[in-house]
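What's in run.pdb: PDB, C-alpha atoms
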```pdb
ATOM      1  CA  MET U   1      16.703  21.689  -3.475
ATOM      2  CA  PRO U   2      16.510  19.917  -6.856
ATOM      3  CA  LEU U   3      13.323  20.123  -8.820
ATOM      4  CA  VAL U   4      11.374  16.929  -9.297
ATOM      5  CA  GLY U   5       9.775  16.460 -12.674
ATOM      6  CA  PRO U   6       6.400  14.829 -13.255
ATOM      7  CA  THR U   7       7.960  11.508 -14.230
ATOM      8  CA  GLU U   8      10.100  11.354 -11.096
ATOM      9  CA  LYS U   9       7.136  12.339  -8.937
ATOM     10  CA  LEU U  10       5.001   9.602 -10.474
ATOM     11  CA  ALA U  11       7.782   7.058  -9.942
ATOM     12  CA  MET U  12       8.162   8.075  -6.285
ATOM     13  CA  GLU U  13       4.409   7.828  -5.718
ATOM     14  CA  HIS U  14       4.343   4.407  -7.356
ATOM     15  CA  GLY U  15       7.214   3.243  -5.155
ATOM     16  CA  GLU U  16       5.418   4.518  -2.069
ATOM     17  CA  LEU U  17       2.245   2.710  -3.130
ATOM     18  CA  ILE U  18       4.107  -0.577  -3.636
ATOM     19  CA  GLY U  19       5.804  -0.236  -0.246
ATOM     20  CA  GLU U  20       2.529   0.513   1.527
ATOM     21  CA  GLU U  21       0.824  -2.438  -0.173
ATOM     22  CA  GLN U  22       3.612  -4.808   0.849
ATOM     23  CA  LEU U  23       3.521  -3.551   4.429
ATOM     24  CA  ILE U  24      -0.257  -4.010   4.726
ATOM     25  CA  ILE U  25      -0.122  -7.494   3.199
ATOM     26  CA  GLN U  26       2.696  -8.474   5.560
ATOM     27  CA  GLN U  27       0.790  -7.141   8.579
ATOM     28  CA  LEU U  28      -2.378  -8.997   7.571
ATOM     29  CA  ASN U  29      -0.443 -12.233   7.034
ATOM     30  CA  GLN U  30       1.174 -11.937  10.461
ATOM     31  CA  ARG U  31      -2.100 -11.215  12.181
ATOM     32  CA  PHE U  32      -4.480 -13.573  10.348
ATOM     33  CA  GLY U  33      -2.307 -16.093   8.513
ATOM     34  CA  VAL U  34      -2.088 -16.291   4.732
ATOM     35  CA  ILE U  35      -4.633 -13.951   3.175
ATOM     36  CA  THR U  36      -6.545 -14.717  -0.008
ATOM     37  CA  SER U  37      -5.651 -13.454  -3.455
ATOM     38  CA  THR U  38      -9.035 -11.688  -3.557
ATOM     39  CA  LEU U  39      -8.094  -9.593  -0.532
ATOM     40  CA  ILE U  40      -4.712  -8.821  -2.080
ATOM     41  CA  GLU U  41      -6.471  -7.581  -5.224
ATOM     42  CA  TYR U  42      -8.630  -5.270  -3.082
ATOM     43  CA  ILE U  43      -5.483  -3.944  -1.421
ATOM     44  CA  HIS U  44      -3.933  -3.212  -4.835
ATOM     45  CA  GLN U  45      -6.930  -1.000  -5.652
ATOM     46  CA  LEU U  46      -6.423   1.274  -2.623
ATOM     47  CA  THR U  47      -4.725   4.664  -2.802
ATOM     48  CA  VAL U  48      -1.597   5.558  -0.828
ATOM     49  CA  LYS U  49      -3.761   7.605   1.540
ATOM     50  CA  GLN U  50      -6.187   4.711   2.079
ATOM     51  CA  LEU U  51      -3.309   2.297   2.675
ATOM     52  CA  GLY U  52      -1.793   4.691   5.209
ATOM     53  CA  LEU U  53      -5.071   4.916   7.080
ATOM     54  CA  LEU U  54      -5.449   1.139   7.044
ATOM     55  CA  GLY U  55      -1.898   0.704   8.327
ATOM     56  CA  LYS U  56      -2.633   2.878  11.365
ATOM     57  CA  HIS U  57      -5.064   0.234  12.623
ATOM     58  CA  PHE U  58      -2.354  -2.397  13.067
TER      59      PHE U  58
END
```

Once you've parsed the file, please lay out its structure as structure tokens.
Amino acid sequence: MPLVGPTEKLAMEHGELIGEEQLIIQQLNQRFGVITSTLIEYIHQLTVKQLGLLGKHF
């Protein structure tokens, strides 16, 4: 198994965060229509763990 350096780990975590954010925003748009930019900003402030927990409710 190859070792993952700190930079690669950070990049993977960032990619996971972006993917989770996009998924949550898409789910909210499908369920409630177009969501406000204020709500999107709140979503951007959540951690990967928080986004995962939020996603379980859809």

Selected residue, from U:Ile18, U:Ala11, U:Ile25, U:Val4, that lies nearest to Ile40 (chain U) when counting all atoms listed in the file: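 For Ile40 (chain U), the nearest of the candidates is U:Ile25.
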
Selection near Leu51 (chain U), 10 Å with all atoms listed in the file, sequence-local residues under 3 positions removed, as a list of chain:residue names: U:Leu17, U:Gly19, U:Glu20, U:Glu21, U:Leu23, U:Ile24, U:Ile43, U:His44, U:Gln45, U:Leu46, U:Thr47, U:Val48, U:Leu54, U:Gly55, U:Lys56

Have a look at U:Leu3, U:Phe58, U:Glu16, U:Lys9 and name the one nearest to Arg31 (chain U); count all atoms listed in the file.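 Looking only at the distances to Arg31 (chain U), the closest residue turns out to be U:Phe58.
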
Record the distance separating CA of Lys49 (chain U) and CA of Glu13 (chain U), expressed in Å with one decimal.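 Computing it gives 10.9 Å between the two atoms.
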
Taking every listed atom of region 14-21 of chain U and adding 8 Å to each side, what centre and edge lengths in Å (one decimal) does the axis-aligned box have, as JSON?
```
{"center_x": 4.0, "center_y": 1.0, "center_z": -2.9, "size_x": 22.4, "size_y": 23.0, "size_z": 24.9}
```

Rounded to one decimal in Å, what is the spacing between CA of Tyr42 (chain U) and CA of Glu8 (chain U)? 26.3 Å

CA of Gly52 (chain U) to CA of Ile35 (chain U): how many Å, to one decimal?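 If I compute the distance from CA of Gly52 (chain U) to CA of Ile35 (chain U), I get 19.0 Å.
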
Since fewer atoms than expected are present, regenerate N, CA, C and O atoms for region 2-23 of chain U and write them as an mmCIF file, in the coordinates of the input.
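Result saved to part24.cif:
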```
data_model
loop_
_atom_site.group_PDB
_atom_site.id
_atom_site.type_symbol
_atom_site.label_atom_id
_atom_site.label_comp_id
_atom_site.auth_asym_id
_atom_site.auth_seq_id
_atom_site.Cartn_x
_atom_site.Cartn_y
_atom_site.Cartn_z
ATOM 1 N N PRO U 2 16.729 20.208 -5.445
ATOM 2 C CA PRO U 2 16.510 19.917 -6.856
ATOM 3 C C PRO U 2 15.026 19.823 -7.175
ATOM 4 O O PRO U 2 14.214 19.400 -6.348
ATOM 5 N N LEU U 3 14.699 20.230 -8.374
ATOM 6 C CA LEU U 3 13.323 20.123 -8.820
ATOM 7 C C LEU U 3 13.024 18.686 -9.211
ATOM 8 O O LEU U 3 13.870 17.985 -9.750
ATOM 9 N N VAL U 4 11.800 18.277 -8.949
ATOM 10 C CA VAL U 4 11.374 16.929 -9.297
ATOM 11 C C VAL U 4 10.368 17.054 -10.426
ATOM 12 O O VAL U 4 9.350 17.735 -10.283
ATOM 13 N N GLY U 5 10.665 16.417 -11.523
ATOM 14 C CA GLY U 5 9.775 16.460 -12.674
ATOM 15 C C GLY U 5 8.576 15.540 -12.481
ATOM 16 O O GLY U 5 8.527 14.730 -11.549
ATOM 17 N N PRO U 6 7.612 15.644 -13.371
ATOM 18 C CA PRO U 6 6.400 14.829 -13.255
ATOM 19 C C PRO U 6 6.677 13.327 -13.313
ATOM 20 O O PRO U 6 6.045 12.553 -12.600
ATOM 21 N N THR U 7 7.645 12.940 -14.121
ATOM 22 C CA THR U 7 7.960 11.508 -14.230
ATOM 23 C C THR U 7 8.564 10.994 -12.931
ATOM 24 O O THR U 7 8.188 9.920 -12.448
ATOM 25 N N GLU U 8 9.486 11.762 -12.365
ATOM 26 C CA GLU U 8 10.100 11.354 -11.096
ATOM 27 C C GLU U 8 9.066 11.325 -9.976
ATOM 28 O O GLU U 8 9.079 10.416 -9.142
ATOM 29 N N LYS U 9 8.179 12.299 -9.962
ATOM 30 C CA LYS U 9 7.136 12.339 -8.937
ATOM 31 C C LYS U 9 6.235 11.120 -9.042
ATOM 32 O O LYS U 9 5.908 10.486 -8.041
ATOM 33 N N LEU U 10 5.846 10.773 -10.259
ATOM 34 C CA LEU U 10 5.001 9.602 -10.474
ATOM 35 C C LEU U 10 5.718 8.331 -10.033
ATOM 36 O O LEU U 10 5.116 7.460 -9.389
ATOM 37 N N ALA U 11 7.002 8.229 -10.342
ATOM 38 C CA ALA U 11 7.782 7.058 -9.942
ATOM 39 C C ALA U 11 7.884 6.952 -8.422
ATOM 40 O O ALA U 11 7.766 5.862 -7.859
ATOM 41 N N MET U 12 8.083 8.080 -7.757
ATOM 42 C CA MET U 12 8.162 8.075 -6.285
ATOM 43 C C MET U 12 6.824 7.671 -5.678
ATOM 44 O O MET U 12 6.781 6.899 -4.724
ATOM 45 N N GLU U 13 5.732 8.178 -6.222
ATOM 46 C CA GLU U 13 4.409 7.828 -5.718
ATOM 47 C C GLU U 13 4.129 6.347 -5.928
ATOM 48 O O GLU U 13 3.566 5.678 -5.059
ATOM 49 N N HIS U 14 4.538 5.826 -7.081
ATOM 50 C CA HIS U 14 4.343 4.407 -7.356
ATOM 51 C C HIS U 14 5.155 3.562 -6.370
ATOM 52 O O HIS U 14 4.659 2.560 -5.843
ATOM 53 N N GLY U 15 6.385 3.962 -6.113
ATOM 54 C CA GLY U 15 7.214 3.243 -5.155
ATOM 55 C C GLY U 15 6.620 3.270 -3.757
ATOM 56 O O GLY U 15 6.640 2.275 -3.042
ATOM 57 N N GLU U 16 6.061 4.404 -3.373
ATOM 58 C CA GLU U 16 5.418 4.518 -2.069
ATOM 59 C C GLU U 16 4.193 3.607 -1.999
ATOM 60 O O GLU U 16 3.969 2.935 -0.996
ATOM 61 N N LEU U 17 3.428 3.564 -3.076
ATOM 62 C CA LEU U 17 2.245 2.710 -3.130
ATOM 63 C C LEU U 17 2.622 1.248 -2.981
ATOM 64 O O LEU U 17 2.024 0.524 -2.178
ATOM 65 N N ILE U 18 3.652 0.811 -3.711
ATOM 66 C CA ILE U 18 4.107 -0.577 -3.636
ATOM 67 C C ILE U 18 4.575 -0.906 -2.218
ATOM 68 O O ILE U 18 4.235 -1.954 -1.669
ATOM 69 N N GLY U 19 5.330 -0.008 -1.610
ATOM 70 C CA GLY U 19 5.804 -0.236 -0.246
ATOM 71 C C GLY U 19 4.668 -0.332 0.759
ATOM 72 O O GLY U 19 4.680 -1.200 1.633
ATOM 73 N N GLU U 20 3.692 0.540 0.625
ATOM 74 C CA GLU U 20 2.529 0.513 1.527
ATOM 75 C C GLU U 20 1.747 -0.785 1.353
ATOM 76 O O GLU U 20 1.310 -1.389 2.336
ATOM 77 N N GLU U 21 1.558 -1.194 0.092
ATOM 78 C CA GLU U 21 0.824 -2.438 -0.173
ATOM 79 C C GLU U 21 1.540 -3.616 0.477
ATOM 80 O O GLU U 21 0.908 -4.444 1.137
ATOM 81 N N GLN U 22 2.848 -3.695 0.289
ATOM 82 C CA GLN U 22 3.612 -4.808 0.849
ATOM 83 C C GLN U 22 3.544 -4.817 2.370
ATOM 84 O O GLN U 22 3.432 -5.873 2.985
ATOM 85 N N LEU U 23 3.593 -3.645 2.972
ATOM 86 C CA LEU U 23 3.521 -3.551 4.429
ATOM 87 C C LEU U 23 2.168 -4.038 4.941
ATOM 88 O O LEU U 23 2.103 -4.823 5.887
#
```
